[in-house]
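Colleague: Attaching a single structure in structure tokens format; questions to follow.
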Amino acid sequence: MRSTSLLCAVVATSTIAARPAPRHEPRIVSINPCVDSILMHVADRGQIAGISHYSKDPRATSIPLALAAQFKATSGTAEEVVALAPDLVIAGAHVAPSTIAALKRLHIALLQLEVPETIAQSREQINRIATAVGHVDRGERLNARIDAAVAAARSAGPRVPALIWQGGGLVPGKDTLASELLRKTGFRNLSSDYGLKTWDVLPLEYLVAQPPRVLFSVGDASDGDRMLSHPVLRPLARHIAIRAFPERLLHCAGPTIIDAVALLAKTKRGL
């Protein structure tokens, strides 16, 4: 009888030992609005201890304001971030030295990410974030959605000369994500024709002398952009298509790509 009891105890102990330990999903603070938008797709809501304060700004957010309102926001200072007791902080390339020092001192992991300049780099970044938060499968599903959106937005036929023109004349040139998205949706970025660098300012005279077929305007005259309200653009508007391009679509990759290619494809179809 004792032998049988002993055998049962050994089996029970072995069974318990064989069970995997409960997975600890890290508590995350993001101090980058582009990271915020990815976290909404790959992390559990309960994992997100804080997001960037930019995500609560209508002009800077990459997520719906109603969704952003559900989370605490920080400006990225060491005091604010540490107070939320995260296991992991995800940030862009530029983080205040005091914040980095505080995180190291408290043994809080920091994942810093560059701005993706291609769809491929965006895909890799999503995978890194999804892996870090413990949901690799969700990253794969998000990437599949982005790939499907890009494929659906592809356009055949001649490429239409276009330019994305930000307030003050700042233009994304070649080797930028914006330029790749233009190409994927049937446009040709005119930035190189003006001799501009990756990100450069296009003088108004150049735009008038060689206008694109489509000018994607980031912002409008009501935002205080004097170049957009310049009198020389009024007659130009009769010969080119000027279309709004929300600022939130210009600076982030990840799920923002889905909205960006949808807008570009819709514009191309409507020409």
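Following the order of the structure tokens, chains are lettered A, B, ..., residues in each are numbered from 1, and ligands are numbered from 1.
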Please provide the set of residues having any atom within 10 Å of A:Val171, restricted to only C-alpha atoms, with same-chain residues fewer than 5 positions apart removed, written as a list in words.

Modeller: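 Counting only the stated atoms, we get Leu163, Ile164, Trp165, Gln166, Ala178, Ser179, Asn189, Leu190, Ser191, Leu196, Lys197, Thr198, Trp199, Asp200, Val201, Leu202 and Val218 of chain A.
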
Colleague: Using the chain letters and numbers from this document, which residues of stretch 3-188 of chain A does DSSP assign to alpha helix (DSSP H), as a PyMOL selection string?

Modeller: chain A and resi 3-18+33-42+65-68+78-83+97-105+119-133+136-153+177-184

Colleague: From the options A:Arg213, A:His239, A:Arg154, A:Arg128, which residue's atoms come nearest to A:Lys184, counting only C-alpha atoms?

Modeller: A:Arg154

Colleague: Write out as JSON lines the residues of stretch 57-137 of chain A that have any atom within 6 Å of an atom of stretch 24-42 of chain A, one row each with the nearest atom pair and its distance in Å to one decimal, counting only C-alpha atoms, sorted by chain and then rising number.

Modeller:
```
{"residue": "A:Ser62", "atom": "CA", "partner": "A:Ser37", "partner_atom": "CA", "distance": 5.8}
{"residue": "A:Ile63", "atom": "CA", "partner": "A:Ser37", "partner_atom": "CA", "distance": 5.6}
{"residue": "A:Gly76", "atom": "CA", "partner": "A:Ile31", "partner_atom": "CA", "distance": 5.4}
{"residue": "A:Pro86", "atom": "CA", "partner": "A:Arg27", "partner_atom": "CA", "distance": 4.9}
{"residue": "A:Asp87", "atom": "CA", "partner": "A:Arg27", "partner_atom": "CA", "distance": 5.1}
{"residue": "A:Leu88", "atom": "CA", "partner": "A:Ile28", "partner_atom": "CA", "distance": 5.0}
{"residue": "A:Val89", "atom": "CA", "partner": "A:Val29", "partner_atom": "CA", "distance": 4.8}
{"residue": "A:Ile90", "atom": "CA", "partner": "A:Ser30", "partner_atom": "CA", "distance": 4.9}
{"residue": "A:Ala91", "atom": "CA", "partner": "A:Ile31", "partner_atom": "CA", "distance": 5.2}
{"residue": "A:Gly92", "atom": "CA", "partner": "A:Asn32", "partner_atom": "CA", "distance": 5.9}
{"residue": "A:Ala130", "atom": "CA", "partner": "A:Val42", "partner_atom": "CA", "distance": 5.6}
```
